[in-house]
$ cat protein-v2.cif   # mmCIF, C-alpha atoms
data_my_file
loop_
_atom_site.group_PDB
_atom_site.id
_atom_site.type_symbol
_atom_site.label_atom_id
_atom_site.label_comp_id
_atom_site.auth_asym_id
_atom_site.auth_seq_id
_atom_site.Cartn_x
_atom_site.Cartn_y
_atom_site.Cartn_z
ATOM 1 C CA GLN A 1 0.000 0.000 0.000
ATOM 2 C CA LEU A 2 1.333 3.409 -0.981
ATOM 3 C CA GLN A 3 2.347 5.739 1.824
ATOM 4 C CA LEU A 4 3.710 9.264 1.473
ATOM 5 C CA VAL A 5 5.850 11.189 3.942
ATOM 6 C CA GLU A 6 6.696 14.860 3.525
ATOM 7 C CA SER A 7 9.760 16.507 5.003
ATOM 8 C CA GLY A 8 11.866 19.626 4.626
ATOM 9 C CA GLY A 9 9.608 22.245 6.128
ATOM 10 C CA GLY A 10 10.809 24.807 8.608
ATOM 11 C CA LEU A 11 11.065 28.473 9.497
ATOM 12 C CA VAL A 12 12.824 30.751 7.021
ATOM 13 C CA GLN A 13 13.062 34.466 6.363
ATOM 14 C CA PRO A 14 11.404 36.061 3.339
ATOM 15 C CA GLY A 15 13.466 35.645 0.197
ATOM 16 C CA ARG A 16 15.060 32.413 1.343
ATOM 17 C CA SER A 17 14.512 28.874 0.095
ATOM 18 C CA LEU A 18 13.237 25.509 1.234
ATOM 19 C CA ARG A 19 13.189 22.147 -0.491
ATOM 20 C CA LEU A 20 10.351 19.849 0.408
ATOM 21 C CA SER A 21 10.537 16.115 -0.163
ATOM 22 C CA CYS A 22 7.760 13.609 -0.618
ATOM 23 C CA ALA A 23 9.072 10.097 -0.036
ATOM 24 C CA ALA A 24 6.971 7.110 -1.018
ATOM 25 C CA SER A 25 6.982 3.631 0.433
ATOM 26 C CA GLY A 26 5.010 0.498 -0.202
ATOM 27 C CA VAL A 27 4.961 0.788 -3.983
ATOM 28 C CA THR A 28 7.076 2.508 -6.621
ATOM 29 C CA LEU A 29 5.985 5.910 -7.857
ATOM 30 C CA ASP A 30 6.497 5.074 -11.520
ATOM 31 C CA ASP A 31 2.761 4.976 -12.273
ATOM 32 C CA TYR A 32 1.774 7.918 -10.088
ATOM 33 C CA ALA A 33 1.285 11.587 -10.743
ATOM 34 C CA ILE A 34 2.128 13.668 -7.679
ATOM 35 C CA GLY A 35 0.600 16.909 -6.563
ATOM 36 C CA TRP A 36 1.722 19.381 -3.938
ATOM 37 C CA PHE A 37 -0.990 21.232 -2.054
ATOM 38 C CA ARG A 38 -0.918 23.688 0.820
ATOM 39 C CA GLN A 39 -3.279 24.886 3.477
ATOM 40 C CA ALA A 40 -2.877 28.090 5.418
ATOM 41 C CA PRO A 41 -4.782 28.714 8.658
ATOM 42 C CA GLY A 42 -8.409 29.513 7.954
ATOM 43 C CA LYS A 43 -8.069 28.846 4.233
ATOM 44 C CA GLU A 44 -8.986 26.081 1.842
ATOM 45 C CA ARG A 45 -6.356 23.595 0.733
ATOM 46 C CA GLU A 46 -5.059 24.746 -2.633
ATOM 47 C CA GLY A 47 -3.039 23.174 -5.393
ATOM 48 C CA VAL A 48 0.550 24.365 -5.704
ATOM 49 C CA SER A 49 2.153 22.123 -8.301
ATOM 50 C CA CYS A 50 1.733 18.837 -10.122
ATOM 51 C CA ILE A 51 4.072 16.470 -11.960
ATOM 52 C CA SER A 52 3.116 13.615 -14.249
ATOM 53 C CA ARG A 53 4.402 10.110 -13.682
ATOM 54 C CA GLY A 54 7.245 10.464 -16.175
ATOM 55 C CA GLY A 55 8.004 14.034 -15.194
ATOM 56 C CA GLY A 56 7.252 15.337 -18.652
ATOM 57 C CA ILE A 57 4.310 17.493 -17.625
ATOM 58 C CA THR A 58 4.410 19.941 -14.756
ATOM 59 C CA LYS A 59 1.948 22.562 -13.651
ATOM 60 C CA TYR A 60 2.071 25.428 -11.179
ATOM 61 C CA ALA A 61 -0.350 27.717 -9.473
ATOM 62 C CA ASP A 62 0.005 31.290 -10.697
ATOM 63 C CA SER A 63 1.064 32.399 -7.230
ATOM 64 C CA VAL A 64 4.222 30.254 -7.327
ATOM 65 C CA LYS A 65 5.201 30.288 -11.006
ATOM 66 C CA GLY A 66 8.813 31.257 -11.469
ATOM 67 C CA ARG A 67 9.622 30.639 -7.800
ATOM 68 C CA PHE A 68 8.793 26.968 -7.202
ATOM 69 C CA THR A 69 10.059 23.951 -9.119
ATOM 70 C CA ILE A 70 8.682 20.440 -8.890
ATOM 71 C CA SER A 71 10.816 17.443 -9.799
ATOM 72 C CA ARG A 72 10.948 13.732 -9.225
ATOM 73 C CA ASP A 73 13.529 11.015 -8.858
ATOM 74 C CA ASN A 74 11.746 7.749 -9.455
ATOM 75 C CA ALA A 75 14.881 5.778 -8.602
ATOM 76 C CA LYS A 76 14.658 7.285 -5.118
ATOM 77 C CA ASN A 77 10.868 7.081 -5.047
ATOM 78 C CA THR A 78 10.789 10.762 -4.124
ATOM 79 C CA VAL A 79 9.258 13.964 -5.427
ATOM 80 C CA TYR A 80 10.653 17.377 -4.545
ATOM 81 C CA LEU A 81 9.335 20.904 -4.367
ATOM 82 C CA GLN A 82 12.068 23.521 -4.514
ATOM 83 C CA MET A 83 10.696 26.776 -3.141
ATOM 84 C CA ASN A 84 12.714 29.914 -3.796
ATOM 85 C CA SER A 85 12.095 33.588 -3.060
ATOM 86 C CA LEU A 86 9.684 32.645 -0.331
ATOM 87 C CA LYS A 87 7.078 35.112 0.840
ATOM 88 C CA PRO A 88 5.105 35.303 4.082
ATOM 89 C CA GLU A 89 1.992 34.312 2.130
ATOM 90 C CA ASP A 90 3.656 30.974 1.325
ATOM 91 C CA THR A 91 3.297 30.032 4.984
ATOM 92 C CA ALA A 92 1.200 26.875 5.163
ATOM 93 C CA VAL A 93 1.175 23.171 5.795
ATOM 94 C CA TYR A 94 2.332 21.524 2.582
ATOM 95 C CA TYR A 95 0.973 18.150 1.544
ATOM 96 C CA CYS A 96 1.908 15.804 -1.259
ATOM 97 C CA ALA A 97 -0.674 13.550 -2.822
ATOM 98 C CA ALA A 98 -0.665 10.737 -5.366
ATOM 99 C CA LEU A 99 -2.904 9.646 -8.184
ATOM 100 C CA ASN A 100 -2.356 6.426 -10.126
ATOM 101 C CA GLN A 101 -2.007 7.952 -13.562
ATOM 102 C CA ALA A 102 -1.969 4.571 -15.272
ATOM 103 C CA LEU A 103 -5.518 3.934 -14.015
ATOM 104 C CA TYR A 104 -7.093 7.379 -13.793
ATOM 105 C CA GLY A 105 -5.304 9.604 -16.252
ATOM 106 C CA ASN A 106 -3.008 12.577 -15.850
ATOM 107 C CA PRO A 107 -4.311 15.230 -13.464
ATOM 108 C CA CYS A 108 -1.472 17.564 -14.408
ATOM 109 C CA ALA A 109 -2.828 17.926 -17.920
ATOM 110 C CA GLY A 110 -5.693 20.016 -16.614
ATOM 111 C CA THR A 111 -6.542 21.907 -13.472
ATOM 112 C CA PHE A 112 -5.411 19.531 -10.777
ATOM 113 C CA VAL A 113 -7.737 19.475 -7.797
ATOM 114 C CA ARG A 114 -7.477 17.781 -4.437
ATOM 115 C CA SER A 115 -10.461 15.519 -5.039
ATOM 116 C CA GLU A 116 -8.611 13.730 -7.829
ATOM 117 C CA PHE A 117 -5.866 12.444 -5.533
ATOM 118 C CA HIS A 118 -6.379 9.330 -3.469
ATOM 119 C CA THR A 119 -3.317 9.069 -1.236
ATOM 120 C CA TRP A 120 -2.038 11.862 0.985
ATOM 121 C CA GLY A 121 0.884 12.491 3.276
ATOM 122 C CA GLN A 122 0.594 13.987 6.736
ATOM 123 C CA GLY A 123 1.991 17.383 5.753
ATOM 124 C CA THR A 124 4.986 19.502 6.652
ATOM 125 C CA GLN A 125 4.853 23.058 8.001
ATOM 126 C CA ALA A 126 6.638 25.832 6.148
ATOM 127 C CA THR A 127 6.727 29.224 7.847
ATOM 128 C CA VAL A 128 8.093 32.345 6.185
ATOM 129 C CA SER A 129 8.662 35.153 8.627
ATOM 130 C CA SER A 130 11.224 37.734 9.550
#
$ encode --input "protein-v2.cif" --output "structure tokens"
Amino acid sequence: QLQLVESGGGLVQPGRSLRLSCAASGVTLDDYAIGWFRQAPGKEREGVSCISRGGGITKYADSVKGRFTISRDNAKNTVYLQMNSLKPEDTAVYYCAALNQALYGNPCAGTFVRSEFHTWGQGTQATVSS
């Protein structure tokens, strides 16, 4: 059974960087598209970025385009979210989520939404503050 564990969150100053990791266990990620979502206090969980199973298609929310980069290393069964030029409004709990693309199609080809993803990690807190 697929399990996801996020790591890499922390407290950083505005303008600095963090790299989040989403490590999978139980099955290989080869067939899975991965999405990163975030939820700030009092707000809905929103999509941040998405990467297809082969890595050939990526998608970003407008609020993070040009600052965040999603990537994957299937040999390590891990997906990353490199977050640069962080802003206070990026403060949130960040979650990764998986969708079996081989069965359900590629969520990254359209507007990826949380309801499409069937397996979630527990989240990692990222706080941007001076």
$ residues_near_point --input "protein-v2.cif" --point "(5.1, 4.1, -10.4)" --cutoff "12 Å" --atoms "all atoms listed in the file" --output "MDAnalysis selection string"
chainID A and resid 2 24:34 52:55 72:79 98:103
$ resolve_selection --input "protein-v2.cif" --expression "the PyMOL selection byres ((chain A and resi 11) around 10)" --output "list in words"
Gly9, Gly10, Val12, Gln13, Pro14, Arg16, Leu18, Thr91, Gln125, Ala126, Thr127, Val128, Ser129 and Ser130 of chain A
$ closest_residue --input "protein-v2.cif" --among "A:Ser17, A:Gln122, A:Cys22, A:Gly56" --to "A:Leu86" --atoms "only C-alpha atoms"
A:Ser17
$ closest_atom_pairs --input "protein-v2.cif" --of "stretch 56-105 of chain A" --to "stretch 37-50 of chain A" --cutoff "8 Å" --atoms "all atoms listed in the file" --output "CSV"
residue,atom,partner,partner_atom,distance
A:Thr58,CA,A:Cys50,CA,5.5
A:Lys59,CA,A:Cys50,CA,5.1
A:Tyr60,CA,A:Ser49,CA,4.4
A:Ala61,CA,A:Val48,CA,5.1
A:Val64,CA,A:Val48,CA,7.1
A:Ile70,CA,A:Ser49,CA,6.8
A:Thr91,CA,A:Ala40,CA,6.5
A:Ala92,CA,A:Ala40,CA,4.3
A:Val93,CA,A:Gln39,CA,5.3
A:Tyr94,CA,A:Arg38,CA,4.3
A:Tyr95,CA,A:Phe37,CA,5.1
A:Cys96,CA,A:Phe37,CA,6.2
A:Ala97,CA,A:Phe37,CA,7.7
$ axis_aligned_box --input "protein-v2.cif" --around "stretch 57-60 of chain A" --padding-each-side "5 Å" --output "AutoDock Vina command-line options"
--center_x 3.2 --center_y 21.5 --center_z -14.4 --size_x 12.5 --size_y 17.9 --size_z 16.4
$ resolve_selection --input "protein-v2.cif" --expression "the PyMOL selection byres ((chain A and resi 6) around 6)" --output "list of chain:residue names"
A:Val5, A:Ser7, A:Ser21, A:Cys22, A:Gly123, A:Thr124
$ write_last_selection --input "protein-v2.cif" --atoms "C-alpha atoms" --output "CSV table (one decimal), in the coordinates of the input"
chain,number,residue,atom,x,y,z
A,5,VAL,CA,5.8,11.2,3.9
A,7,SER,CA,9.8,16.5,5.0
A,21,SER,CA,10.5,16.1,-0.2
A,22,CYS,CA,7.8,13.6,-0.6
A,123,GLY,CA,2.0,17.4,5.8
A,124,THR,CA,5.0,19.5,6.7
$ decode --input "protein-v2.cif" --residues "stretch 9-31 of chain A" --atoms "N, CA, C and O atoms" --output "PDB file, in the first residue's frame"
ATOM      1  N   GLY A   9      10.172  20.974   5.691  1.00  0.00           N
ATOM      2  CA  GLY A   9       9.608  22.245   6.128  1.00  0.00           C
ATOM      3  C   GLY A   9      10.439  22.884   7.226  1.00  0.00           C
ATOM      4  O   GLY A   9      11.390  22.281   7.740  1.00  0.00           O
ATOM      5  N   GLY A  10      10.088  24.112   7.553  1.00  0.00           N
ATOM      6  CA  GLY A  10      10.809  24.807   8.608  1.00  0.00           C
ATOM      7  C   GLY A  10      10.463  26.277   8.619  1.00  0.00           C
ATOM      8  O   GLY A  10       9.525  26.716   7.950  1.00  0.00           O
ATOM      9  N   LEU A  11      11.240  27.027   9.379  1.00  0.00           N
ATOM     10  CA  LEU A  11      11.065  28.473   9.497  1.00  0.00           C
ATOM     11  C   LEU A  11      12.195  29.166   8.740  1.00  0.00           C
ATOM     12  O   LEU A  11      13.373  28.900   9.025  1.00  0.00           O
ATOM     13  N   VAL A  12      11.824  30.011   7.779  1.00  0.00           N
ATOM     14  CA  VAL A  12      12.824  30.751   7.021  1.00  0.00           C
ATOM     15  C   VAL A  12      12.390  32.198   6.885  1.00  0.00           C
ATOM     16  O   VAL A  12      11.206  32.522   7.013  1.00  0.00           O
ATOM     17  N   GLN A  13      13.354  33.056   6.581  1.00  0.00           N
ATOM     18  CA  GLN A  13      13.062  34.466   6.363  1.00  0.00           C
ATOM     19  C   GLN A  13      12.561  34.690   4.933  1.00  0.00           C
ATOM     20  O   GLN A  13      12.874  33.889   4.033  1.00  0.00           O
ATOM     21  N   PRO A  14      11.829  35.743   4.707  1.00  0.00           N
ATOM     22  CA  PRO A  14      11.404  36.061   3.339  1.00  0.00           C
ATOM     23  C   PRO A  14      12.602  36.165   2.402  1.00  0.00           C
ATOM     24  O   PRO A  14      13.662  36.684   2.790  1.00  0.00           O
ATOM     25  N   GLY A  15      12.403  35.631   1.189  1.00  0.00           N
ATOM     26  CA  GLY A  15      13.466  35.645   0.197  1.00  0.00           C
ATOM     27  C   GLY A  15      14.354  34.413   0.215  1.00  0.00           C
ATOM     28  O   GLY A  15      15.123  34.208  -0.744  1.00  0.00           O
ATOM     29  N   ARG A  16      14.247  33.622   1.243  1.00  0.00           N
ATOM     30  CA  ARG A  16      15.060  32.413   1.343  1.00  0.00           C
ATOM     31  C   ARG A  16      14.364  31.237   0.676  1.00  0.00           C
ATOM     32  O   ARG A  16      13.287  31.386   0.078  1.00  0.00           O
ATOM     33  N   SER A  17      14.999  30.065   0.795  1.00  0.00           N
ATOM     34  CA  SER A  17      14.512  28.874   0.095  1.00  0.00           C
ATOM     35  C   SER A  17      14.298  27.706   1.039  1.00  0.00           C
ATOM     36  O   SER A  17      14.914  27.631   2.104  1.00  0.00           O
ATOM     37  N   LEU A  18      13.430  26.808   0.599  1.00  0.00           N
ATOM     38  CA  LEU A  18      13.237  25.509   1.234  1.00  0.00           C
ATOM     39  C   LEU A  18      13.057  24.468   0.143  1.00  0.00           C
ATOM     40  O   LEU A  18      12.515  24.786  -0.927  1.00  0.00           O
ATOM     41  N   ARG A  19      13.482  23.253   0.410  1.00  0.00           N
ATOM     42  CA  ARG A  19      13.189  22.147  -0.491  1.00  0.00           C
ATOM     43  C   ARG A  19      12.402  21.097   0.265  1.00  0.00           C
ATOM     44  O   ARG A  19      12.898  20.520   1.237  1.00  0.00           O
ATOM     45  N   LEU A  20      11.201  20.871  -0.183  1.00  0.00           N
ATOM     46  CA  LEU A  20      10.351  19.849   0.408  1.00  0.00           C
ATOM     47  C   LEU A  20      10.538  18.536  -0.329  1.00  0.00           C
ATOM     48  O   LEU A  20      10.745  18.518  -1.548  1.00  0.00           O
ATOM     49  N   SER A  21      10.445  17.448   0.414  1.00  0.00           N
ATOM     50  CA  SER A  21      10.537  16.115  -0.163  1.00  0.00           C
ATOM     51  C   SER A  21       9.270  15.337   0.147  1.00  0.00           C
ATOM     52  O   SER A  21       8.677  15.499   1.217  1.00  0.00           O
ATOM     53  N   CYS A  22       8.899  14.509  -0.782  1.00  0.00           N
ATOM     54  CA  CYS A  22       7.760  13.609  -0.618  1.00  0.00           C
ATOM     55  C   CYS A  22       8.279  12.204  -0.920  1.00  0.00           C
ATOM     56  O   CYS A  22       8.489  11.857  -2.091  1.00  0.00           O
ATOM     57  N   ALA A  23       8.510  11.434   0.124  1.00  0.00           N
ATOM     58  CA  ALA A  23       9.072  10.097  -0.036  1.00  0.00           C
ATOM     59  C   ALA A  23       7.959   9.051   0.019  1.00  0.00           C
ATOM     60  O   ALA A  23       7.106   9.085   0.910  1.00  0.00           O
ATOM     61  N   ALA A  24       7.999   8.155  -0.938  1.00  0.00           N
ATOM     62  CA  ALA A  24       6.971   7.110  -1.018  1.00  0.00           C
ATOM     63  C   ALA A  24       7.516   5.785  -0.532  1.00  0.00           C
ATOM     64  O   ALA A  24       8.701   5.482  -0.696  1.00  0.00           O
ATOM     65  N   SER A  25       6.637   4.989   0.034  1.00  0.00           N
ATOM     66  CA  SER A  25       6.982   3.631   0.433  1.00  0.00           C
ATOM     67  C   SER A  25       5.797   2.728   0.136  1.00  0.00           C
ATOM     68  O   SER A  25       4.671   3.191  -0.030  1.00  0.00           O
ATOM     69  N   GLY A  26       6.069   1.463   0.042  1.00  0.00           N
ATOM     70  CA  GLY A  26       5.010   0.498  -0.202  1.00  0.00           C
ATOM     71  C   GLY A  26       4.893   0.079  -1.651  1.00  0.00           C
ATOM     72  O   GLY A  26       4.701  -1.088  -1.956  1.00  0.00           O
ATOM     73  N   VAL A  27       4.970   1.064  -2.551  1.00  0.00           N
ATOM     74  CA  VAL A  27       4.961   0.788  -3.983  1.00  0.00           C
ATOM     75  C   VAL A  27       5.876   1.803  -4.652  1.00  0.00           C
ATOM     76  O   VAL A  27       6.226   2.816  -4.058  1.00  0.00           O
ATOM     77  N   THR A  28       6.254   1.536  -5.899  1.00  0.00           N
ATOM     78  CA  THR A  28       7.076   2.508  -6.621  1.00  0.00           C
ATOM     79  C   THR A  28       6.172   3.597  -7.192  1.00  0.00           C
ATOM     80  O   THR A  28       4.997   3.370  -7.468  1.00  0.00           O
ATOM     81  N   LEU A  29       6.753   4.766  -7.375  1.00  0.00           N
ATOM     82  CA  LEU A  29       5.985   5.910  -7.857  1.00  0.00           C
ATOM     83  C   LEU A  29       5.885   5.978  -9.379  1.00  0.00           C
ATOM     84  O   LEU A  29       5.309   6.922  -9.907  1.00  0.00           O
ATOM     85  N   ASP A  30       6.408   4.996 -10.061  1.00  0.00           N
ATOM     86  CA  ASP A  30       6.497   5.074 -11.520  1.00  0.00           C
ATOM     87  C   ASP A  30       5.152   5.352 -12.190  1.00  0.00           C
ATOM     88  O   ASP A  30       5.101   6.026 -13.217  1.00  0.00           O
ATOM     89  N   ASP A  31       4.068   4.828 -11.639  1.00  0.00           N
ATOM     90  CA  ASP A  31       2.761   4.976 -12.273  1.00  0.00           C
ATOM     91  C   ASP A  31       1.950   6.146 -11.720  1.00  0.00           C
ATOM     92  O   ASP A  31       0.815   6.353 -12.131  1.00  0.00           O
TER      93      ASP A  31
END
